[in-house]
Amino acid sequence: GNSVTQMEGPVTLSEEAFLTINCTYTATGYPSLFWYVQYPGEGLQLLLKATKADDKGSNKGFEATYRKETTSFHLEKGSVQVSDSAVYFCALVLPKTSYDKVIFGPGTSLSVIP
Amino acid sequence: NAGVTQTPKFQVLKTGQSMTLQCAQDMNHEYMSWYRQDPGMGLRLIHYSVGAGITDQGEVPNGYNVSRSTTEDFPLRLLSAAPSQTSVYFCASSYSAGWYNEQFFGPGTRLTVL
């Protein structure tokens, strides 16, 4: 079946450290891929997306590249800040399904310490 | 512009009680949905609606009812609460059900069933 796998964490980093959160997927067809972020006490917000192979999504210093050959969409940031502390969800959407179904990974909790 | 609002933020129920989780959006979005978030499982789709008067089941619909009488509101009803329904519930909306549309999430309702 279709699924998303990501490291659950928690991940703890010092400010200005390099961040990688791994995400791999299994899907029939060619999905679109997303990263959502959930700050404490808030709902999810779209962080970035990529709709086809080799696309790179970027926003707020975060980047992720759609790698079809490795079925991956890893999230990276060169220098994290305390304000990046949140839960990050990798997700996929299957195109042309009978209804929209966004398949979410379990989320990765990130804590950035000063 | 309030976006997606949910009430209440927290709720404790006893087994067998009923309640309604409220969700409203002021963006004139056609598509609305309800998710539950459980540890280690990401978000799972409960019910969704592609417009006023139209609803359908998602991945985990049992024990929940929905209706969509207006574009703005999409309440979720628990008819007879069970401990297995302890979870965080998120309402989301998007401009339409197209796969490329960003979903906007509410802040969530944390429900505990004793």
# chains A, B, ... in the order shown; residues from 1 in each chain; ligands from 1

call {"tool": "interface_residues", "arguments": {"of": "chain A", "to": "chain B", "cutoff": "8 Å", "atoms": "only C-alpha atoms", "output": "PyMOL selection string"}}
result
chain A and resi 8+32+41-46+89+93-96+99-101+103-107

call {"tool": "write_last_selection", "arguments": {"atoms": "N, CA, C and O atoms", "output": "PDB file, in the first residue's frame"}}
result
ATOM      1  N   GLU A   8      11.196   9.254  13.778  1.00  0.00           N
ATOM      2  CA  GLU A   8      10.254   9.845  14.715  1.00  0.00           C
ATOM      3  C   GLU A   8      10.919  10.790  15.698  1.00  0.00           C
ATOM      4  O   GLU A   8      10.280  11.679  16.230  1.00  0.00           O
ATOM      5  N   SER A  32       2.708  13.667  -5.346  1.00  0.00           N
ATOM      6  CA  SER A  32       3.305  14.931  -4.929  1.00  0.00           C
ATOM      7  C   SER A  32       3.731  14.774  -3.476  1.00  0.00           C
ATOM      8  O   SER A  32       3.076  14.063  -2.711  1.00  0.00           O
ATOM      9  N   GLY A  41       1.249  23.967  20.064  1.00  0.00           N
ATOM     10  CA  GLY A  41      -0.079  24.537  20.277  1.00  0.00           C
ATOM     11  C   GLY A  41      -0.792  24.988  19.027  1.00  0.00           C
ATOM     12  O   GLY A  41      -1.873  25.586  19.111  1.00  0.00           O
ATOM     13  N   GLU A  42      -0.241  24.714  17.849  1.00  0.00           N
ATOM     14  CA  GLU A  42      -0.856  25.167  16.609  1.00  0.00           C
ATOM     15  C   GLU A  42      -1.173  23.992  15.687  1.00  0.00           C
ATOM     16  O   GLU A  42      -0.761  22.856  15.920  1.00  0.00           O
ATOM     17  N   GLY A  43      -1.922  24.293  14.634  1.00  0.00           N
ATOM     18  CA  GLY A  43      -2.185  23.290  13.615  1.00  0.00           C
ATOM     19  C   GLY A  43      -1.026  23.187  12.638  1.00  0.00           C
ATOM     20  O   GLY A  43      -0.051  23.928  12.720  1.00  0.00           O
ATOM     21  N   LEU A  44      -1.140  22.257  11.714  1.00  0.00           N
ATOM     22  CA  LEU A  44      -0.086  22.054  10.728  1.00  0.00           C
ATOM     23  C   LEU A  44      -0.089  23.181   9.699  1.00  0.00           C
ATOM     24  O   LEU A  44      -1.138  23.719   9.348  1.00  0.00           O
ATOM     25  N   GLN A  45       1.114  23.505   9.215  1.00  0.00           N
ATOM     26  CA  GLN A  45       1.261  24.499   8.154  1.00  0.00           C
ATOM     27  C   GLN A  45       2.119  23.894   7.061  1.00  0.00           C
ATOM     28  O   GLN A  45       3.099  23.199   7.355  1.00  0.00           O
ATOM     29  N   LEU A  46       1.769  24.171   5.815  1.00  0.00           N
ATOM     30  CA  LEU A  46       2.589  23.699   4.713  1.00  0.00           C
ATOM     31  C   LEU A  46       3.937  24.412   4.741  1.00  0.00           C
ATOM     32  O   LEU A  46       4.006  25.652   4.785  1.00  0.00           O
ATOM     33  N   PHE A  89       6.166  16.938   9.565  1.00  0.00           N
ATOM     34  CA  PHE A  89       5.471  15.819   8.956  1.00  0.00           C
ATOM     35  C   PHE A  89       5.774  15.755   7.463  1.00  0.00           C
ATOM     36  O   PHE A  89       5.592  16.742   6.747  1.00  0.00           O
ATOM     37  N   VAL A  93       0.590  13.015  -1.623  1.00  0.00           N
ATOM     38  CA  VAL A  93      -0.757  13.058  -2.191  1.00  0.00           C
ATOM     39  C   VAL A  93      -0.726  12.316  -3.508  1.00  0.00           C
ATOM     40  O   VAL A  93       0.110  12.590  -4.358  1.00  0.00           O
ATOM     41  N   LEU A  94      -1.650  11.394  -3.655  1.00  0.00           N
ATOM     42  CA  LEU A  94      -1.728  10.637  -4.892  1.00  0.00           C
ATOM     43  C   LEU A  94      -2.582  11.392  -5.894  1.00  0.00           C
ATOM     44  O   LEU A  94      -3.696  11.798  -5.588  1.00  0.00           O
ATOM     45  N   PRO A  95      -2.085  11.584  -7.078  1.00  0.00           N
ATOM     46  CA  PRO A  95      -2.853  12.340  -8.062  1.00  0.00           C
ATOM     47  C   PRO A  95      -3.999  11.519  -8.637  1.00  0.00           C
ATOM     48  O   PRO A  95      -3.950  10.303  -8.658  1.00  0.00           O
ATOM     49  N   LYS A  96      -5.043  12.233  -9.003  1.00  0.00           N
ATOM     50  CA  LYS A  96      -6.163  11.638  -9.732  1.00  0.00           C
ATOM     51  C   LYS A  96      -6.814  10.491  -8.973  1.00  0.00           C
ATOM     52  O   LYS A  96      -7.242   9.502  -9.555  1.00  0.00           O
ATOM     53  N   TYR A  99     -10.805  10.844  -4.294  1.00  0.00           N
ATOM     54  CA  TYR A  99     -10.893  11.980  -3.392  1.00  0.00           C
ATOM     55  C   TYR A  99      -9.488  12.288  -2.907  1.00  0.00           C
ATOM     56  O   TYR A  99      -8.593  11.467  -3.018  1.00  0.00           O
ATOM     57  N   ASP A 100      -9.341  13.482  -2.390  1.00  0.00           N
ATOM     58  CA  ASP A 100      -8.012  13.841  -1.904  1.00  0.00           C
ATOM     59  C   ASP A 100      -7.648  13.009  -0.690  1.00  0.00           C
ATOM     60  O   ASP A 100      -8.384  12.952   0.267  1.00  0.00           O
ATOM     61  N   LYS A 101      -6.538  12.373  -0.732  1.00  0.00           N
ATOM     62  CA  LYS A 101      -6.071  11.671   0.446  1.00  0.00           C
ATOM     63  C   LYS A 101      -4.606  12.010   0.647  1.00  0.00           C
ATOM     64  O   LYS A 101      -3.759  11.607  -0.135  1.00  0.00           O
ATOM     65  N   ILE A 103      -1.458  11.346   2.689  1.00  0.00           N
ATOM     66  CA  ILE A 103      -0.922  10.319   3.574  1.00  0.00           C
ATOM     67  C   ILE A 103       0.250  10.914   4.338  1.00  0.00           C
ATOM     68  O   ILE A 103       1.239  11.342   3.735  1.00  0.00           O
ATOM     69  N   PHE A 104       0.114  10.962   5.641  1.00  0.00           N
ATOM     70  CA  PHE A 104       1.126  11.586   6.504  1.00  0.00           C
ATOM     71  C   PHE A 104       2.044  10.549   7.120  1.00  0.00           C
ATOM     72  O   PHE A 104       1.621   9.447   7.460  1.00  0.00           O
ATOM     73  N   GLY A 105       3.282  10.933   7.286  1.00  0.00           N
ATOM     74  CA  GLY A 105       4.182  10.169   8.123  1.00  0.00           C
ATOM     75  C   GLY A 105       3.875  10.427   9.591  1.00  0.00           C
ATOM     76  O   GLY A 105       3.036  11.267   9.918  1.00  0.00           O
ATOM     77  N   PRO A 106       4.561   9.741  10.506  1.00  0.00           N
ATOM     78  CA  PRO A 106       4.260   9.855  11.936  1.00  0.00           C
ATOM     79  C   PRO A 106       4.726  11.152  12.583  1.00  0.00           C
ATOM     80  O   PRO A 106       4.346  11.443  13.704  1.00  0.00           O
ATOM     81  N   GLY A 107       5.530  11.937  11.873  1.00  0.00           N
ATOM     82  CA  GLY A 107       6.034  13.189  12.437  1.00  0.00           C
ATOM     83  C   GLY A 107       7.381  13.007  13.129  1.00  0.00           C
ATOM     84  O   GLY A 107       7.647  11.962  13.721  1.00  0.00           O
TER      85      GLY A 107
END

call {"tool": "residues_around", "arguments": {"residues": "Asn59 in chain A", "least_positions_apart": "6", "cutoff": "12 Å", "atoms": "only C-alpha atoms", "output": "PDB file with N, CA and C atoms, in the first residue's frame"}}
result
ATOM      1  N   PHE A  34       5.162  16.541   0.271  1.00  0.00           N
ATOM      2  CA  PHE A  34       5.021  17.743   1.076  1.00  0.00           C
ATOM      3  C   PHE A  34       5.774  17.583   2.399  1.00  0.00           C
ATOM      4  N   TRP A  35       6.188  18.707   2.936  1.00  0.00           N
ATOM      5  CA  TRP A  35       6.584  18.797   4.341  1.00  0.00           C
ATOM      6  C   TRP A  35       5.674  19.817   5.018  1.00  0.00           C
ATOM      7  N   TYR A  36       5.051  19.356   6.125  1.00  0.00           N
ATOM      8  CA  TYR A  36       4.253  20.236   6.964  1.00  0.00           C
ATOM      9  C   TYR A  36       4.970  20.419   8.289  1.00  0.00           C
ATOM     10  N   VAL A  37       4.769  21.575   8.930  1.00  0.00           N
ATOM     11  CA  VAL A  37       5.367  21.848  10.233  1.00  0.00           C
ATOM     12  C   VAL A  37       4.258  22.205  11.222  1.00  0.00           C
ATOM     13  N   GLN A  45       1.114  23.505   9.215  1.00  0.00           N
ATOM     14  CA  GLN A  45       1.261  24.499   8.154  1.00  0.00           C
ATOM     15  C   GLN A  45       2.119  23.894   7.061  1.00  0.00           C
ATOM     16  N   LEU A  46       1.769  24.171   5.815  1.00  0.00           N
ATOM     17  CA  LEU A  46       2.589  23.699   4.713  1.00  0.00           C
ATOM     18  C   LEU A  46       3.937  24.412   4.741  1.00  0.00           C
ATOM     19  N   LEU A  47       5.027  23.647   4.710  1.00  0.00           N
ATOM     20  CA  LEU A  47       6.369  24.214   4.717  1.00  0.00           C
ATOM     21  C   LEU A  47       6.922  24.295   3.295  1.00  0.00           C
ATOM     22  N   LEU A  48       6.827  23.166   2.567  1.00  0.00           N
ATOM     23  CA  LEU A  48       7.284  23.159   1.189  1.00  0.00           C
ATOM     24  C   LEU A  48       6.704  21.938   0.487  1.00  0.00           C
ATOM     25  N   LYS A  49       6.804  21.954  -0.845  1.00  0.00           N
ATOM     26  CA  LYS A  49       6.273  20.824  -1.600  1.00  0.00           C
ATOM     27  C   LYS A  49       7.042  20.647  -2.896  1.00  0.00           C
ATOM     28  N   ALA A  50       6.893  19.469  -3.487  1.00  0.00           N
ATOM     29  CA  ALA A  50       7.479  19.163  -4.790  1.00  0.00           C
ATOM     30  C   ALA A  50       6.516  18.242  -5.524  1.00  0.00           C
ATOM     31  N   LEU A  75      14.287  16.345   4.390  1.00  0.00           N
ATOM     32  CA  LEU A  75      14.242  17.776   4.728  1.00  0.00           C
ATOM     33  C   LEU A  75      15.590  18.204   5.303  1.00  0.00           C
ATOM     34  N   GLU A  76      16.101  19.339   4.822  1.00  0.00           N
ATOM     35  CA  GLU A  76      17.397  19.832   5.285  1.00  0.00           C
ATOM     36  C   GLU A  76      17.336  21.329   5.559  1.00  0.00           C
ATOM     37  N   LYS A  77      18.167  21.744   6.523  1.00  0.00           N
ATOM     38  CA  LYS A  77      18.373  23.158   6.789  1.00  0.00           C
ATOM     39  C   LYS A  77      19.801  23.337   7.269  1.00  0.00           C
TER      40      LYS A  77
END

call {"tool": "atom_distance", "arguments": {"atom1": "CA of Ser18 in chain B", "atom2": "CA of Ser67 in chain B"}}
result
15.7 Å

call {"tool": "residues_around", "arguments": {"residues": "Val82 in chain A", "least_positions_apart": "4", "cutoff": "8 Å", "atoms": "only C-alpha atoms", "output": "mmCIF file with N, CA and C atoms, in the first residue's frame"}}
result
data_model
loop_
_atom_site.group_PDB
_atom_site.id
_atom_site.type_symbol
_atom_site.label_atom_id
_atom_site.label_comp_id
_atom_site.auth_asym_id
_atom_site.auth_seq_id
_atom_site.Cartn_x
_atom_site.Cartn_y
_atom_site.Cartn_z
ATOM 1 N N GLU A 15 21.646 25.249 18.423
ATOM 2 C CA GLU A 15 21.422 26.324 17.453
ATOM 3 C C GLU A 15 22.577 26.379 16.463
ATOM 4 N N SER A 111 13.813 19.616 18.568
ATOM 5 C CA SER A 111 14.045 20.589 19.633
ATOM 6 C C SER A 111 15.411 21.210 19.413
ATOM 7 N N VAL A 112 15.456 22.527 19.305
ATOM 8 C CA VAL A 112 16.708 23.258 19.103
ATOM 9 C C VAL A 112 17.030 24.021 20.376
ATOM 10 N N ILE A 113 18.204 23.767 20.914
ATOM 11 C CA ILE A 113 18.602 24.407 22.168
ATOM 12 C C ILE A 113 19.638 25.490 21.912
ATOM 13 N N PRO A 114 19.571 26.566 22.688
ATOM 14 C CA PRO A 114 20.508 27.692 22.463
ATOM 15 C C PRO A 114 21.956 27.289 22.755
#

call {"tool": "select_by_dssp", "arguments": {"residues": "range 10-59 of chain B", "states": "strand (DSSP E)", "output": "PyMOL selection string"}}
result
chain B and resi 10-13+19-25+31-38+42-51+54-57

call {"tool": "write_last_selection", "arguments": {"atoms": "N, CA, C and O atoms", "output": "tab-separated table (two decimals), in the first residue's frame"}}
result
chain	number	residue	atom	x	y	z
B	10	PHE	N	-9.74	21.73	24.43
B	10	PHE	CA	-9.57	20.54	25.26
B	10	PHE	C	-10.94	20.03	25.68
B	10	PHE	O	-11.87	20.82	25.89
B	11	GLN	N	-11.05	18.71	25.81
B	11	GLN	CA	-12.32	18.13	26.26
B	11	GLN	C	-12.05	16.79	26.91
B	11	GLN	O	-11.26	16.00	26.39
B	12	VAL	N	-12.70	16.55	28.03
B	12	VAL	CA	-12.65	15.24	28.70
B	12	VAL	C	-14.07	14.69	28.74
B	12	VAL	O	-14.99	15.37	29.17
B	13	LEU	N	-14.23	13.48	28.25
B	13	LEU	CA	-15.54	12.82	28.22
B	13	LEU	C	-15.47	11.50	28.98
B	13	LEU	O	-14.39	10.91	29.11
B	19	MET	N	-20.65	14.18	22.01
B	19	MET	CA	-20.28	15.59	21.89
B	19	MET	C	-20.02	15.93	20.43
B	19	MET	O	-19.89	15.04	19.59
B	20	THR	N	-19.95	17.22	20.18
B	20	THR	CA	-19.67	17.73	18.84
B	20	THR	C	-18.44	18.62	18.88
B	20	THR	O	-18.36	19.54	19.70
B	21	LEU	N	-17.51	18.33	18.00
B	21	LEU	CA	-16.34	19.18	17.81
B	21	LEU	C	-16.67	20.15	16.68
B	21	LEU	O	-17.08	19.73	15.60
B	22	GLN	N	-16.48	21.43	16.96
B	22	GLN	CA	-16.83	22.44	15.98
B	22	GLN	C	-15.63	22.82	15.12
B	22	GLN	O	-14.50	22.86	15.60
B	23	CYS	N	-15.90	23.10	13.85
B	23	CYS	CA	-14.88	23.58	12.93
B	23	CYS	C	-15.52	24.60	12.00
B	23	CYS	O	-16.60	24.37	11.46
B	24	ALA	N	-14.83	25.71	11.83
B	24	ALA	CA	-15.32	26.75	10.92
B	24	ALA	C	-14.15	27.37	10.18
B	24	ALA	O	-13.05	27.49	10.72
B	25	GLN	N	-14.42	27.76	8.92
B	25	GLN	CA	-13.40	28.45	8.13
B	25	GLN	C	-14.04	29.64	7.42
B	25	GLN	O	-15.20	29.58	7.02
B	31	TYR	N	-13.48	22.49	0.19
B	31	TYR	CA	-13.08	21.18	0.73
B	31	TYR	C	-12.74	21.31	2.20
B	31	TYR	O	-11.94	22.16	2.58
B	32	MET	N	-13.33	20.48	3.02
B	32	MET	CA	-13.02	20.42	4.45
B	32	MET	C	-12.88	18.98	4.87
B	32	MET	O	-13.49	18.07	4.29
B	33	SER	N	-12.07	18.77	5.90
B	33	SER	CA	-11.82	17.40	6.34
B	33	SER	C	-11.49	17.38	7.83
B	33	SER	O	-11.13	18.40	8.41
B	34	TRP	N	-11.64	16.19	8.40
B	34	TRP	CA	-11.28	15.95	9.78
B	34	TRP	C	-10.23	14.85	9.85
B	34	TRP	O	-10.36	13.81	9.18
B	35	TYR	N	-9.20	15.10	10.65
B	35	TYR	CA	-8.15	14.12	10.89
B	35	TYR	C	-8.04	13.86	12.39
B	35	TYR	O	-8.34	14.71	13.21
B	36	ARG	N	-7.54	12.69	12.72
B	36	ARG	CA	-7.09	12.44	14.09
B	36	ARG	C	-5.60	12.15	14.07
B	36	ARG	O	-5.08	11.55	13.12
B	37	GLN	N	-4.95	12.63	15.11
B	37	GLN	CA	-3.50	12.47	15.23
B	37	GLN	C	-3.19	11.63	16.45
B	37	GLN	O	-3.49	12.02	17.58
B	38	ASP	N	-2.57	10.51	16.23
B	38	ASP	CA	-2.20	9.61	17.31
B	38	ASP	C	-0.69	9.39	17.30
B	38	ASP	O	-0.08	9.36	16.22
B	42	GLY	N	0.98	9.45	12.66
B	42	GLY	CA	0.68	10.55	11.76
B	42	GLY	C	-0.77	10.97	11.87
B	42	GLY	O	-1.43	10.75	12.87
B	43	LEU	N	-1.28	11.57	10.83
B	43	LEU	CA	-2.68	11.99	10.77
B	43	LEU	C	-3.45	11.02	9.90
B	43	LEU	O	-2.98	10.61	8.84
B	44	ARG	N	-4.65	10.69	10.35
B	44	ARG	CA	-5.51	9.81	9.57
B	44	ARG	C	-6.84	10.49	9.29
B	44	ARG	O	-7.44	11.11	10.18
B	45	LEU	N	-7.30	10.36	8.07
B	45	LEU	CA	-8.50	11.04	7.61
B	45	LEU	C	-9.75	10.34	8.16
B	45	LEU	O	-9.92	9.13	7.98
B	46	ILE	N	-10.65	11.11	8.79
B	46	ILE	CA	-11.87	10.55	9.36
B	46	ILE	C	-13.03	10.70	8.38
B	46	ILE	O	-13.65	9.73	7.96
B	47	HIS	N	-13.36	11.93	8.06
B	47	HIS	CA	-14.41	12.27	7.10
B	47	HIS	C	-13.96	13.49	6.32
B	47	HIS	O	-13.13	14.26	6.78
B	48	TYR	N	-14.57	13.68	5.16
B	48	TYR	CA	-14.27	14.87	4.39
B	48	TYR	C	-15.52	15.33	3.65
B	48	TYR	O	-16.51	14.58	3.55
B	49	SER	N	-15.46	16.55	3.15
B	49	SER	CA	-16.58	17.13	2.42
B	49	SER	C	-16.04	17.96	1.26
B	49	SER	O	-15.12	18.76	1.44
B	50	VAL	N	-16.63	17.77	0.08
B	50	VAL	CA	-16.19	18.53	-1.09
B	50	VAL	C	-17.08	19.73	-1.35
B	50	VAL	O	-16.88	20.45	-2.35
B	51	GLY	N	-18.06	19.95	-0.49
B	51	GLY	CA	-18.93	21.11	-0.62
B	51	GLY	C	-20.14	20.95	0.28
B	51	GLY	O	-20.38	19.87	0.83
B	54	ILE	N	-22.42	17.69	0.91
B	54	ILE	CA	-21.73	16.50	0.40
B	54	ILE	C	-20.65	16.09	1.40
B	54	ILE	O	-19.75	16.87	1.70
B	55	THR	N	-20.76	14.86	1.90
B	55	THR	CA	-19.74	14.33	2.80
B	55	THR	C	-19.41	12.90	2.40
B	55	THR	O	-20.20	12.23	1.73
B	56	ASP	N	-18.25	12.45	2.84
B	56	ASP	CA	-17.85	11.07	2.55
B	56	ASP	C	-16.88	10.60	3.61
B	56	ASP	O	-16.31	11.40	4.37
B	57	GLN	N	-16.70	9.28	3.66
B	57	GLN	CA	-15.85	8.69	4.69
B	57	GLN	C	-14.40	8.68	4.27
B	57	GLN	O	-14.07	8.53	3.10

call {"tool": "closest_residue", "arguments": {"among": "B:Glu30, B:Pro8, B:Lys14, B:Ala2", "to": "Glu72 in chain B", "atoms": "only C-alpha atoms"}}
result
B:Glu30

call {"tool": "residues_around", "arguments": {"residues": "Thr51 in chain A", "least_positions_apart": "3", "cutoff": "8 Å", "atoms": "only C-alpha atoms", "output": "PyMOL selection string"}}
result
chain A and resi 31-33+55+66

call {"tool": "residues_around", "arguments": {"residues": "Thr70 in chain B", "least_positions_apart": "2", "cutoff": "9 Å", "atoms": "only C-alpha atoms", "output": "count of residues only"}}
result
7

call {"tool": "atom_distance", "arguments": {"atom1": "CA of Asn28 in chain B", "atom2": "CA of Thr71 in chain B"}}
result
6.6 Å
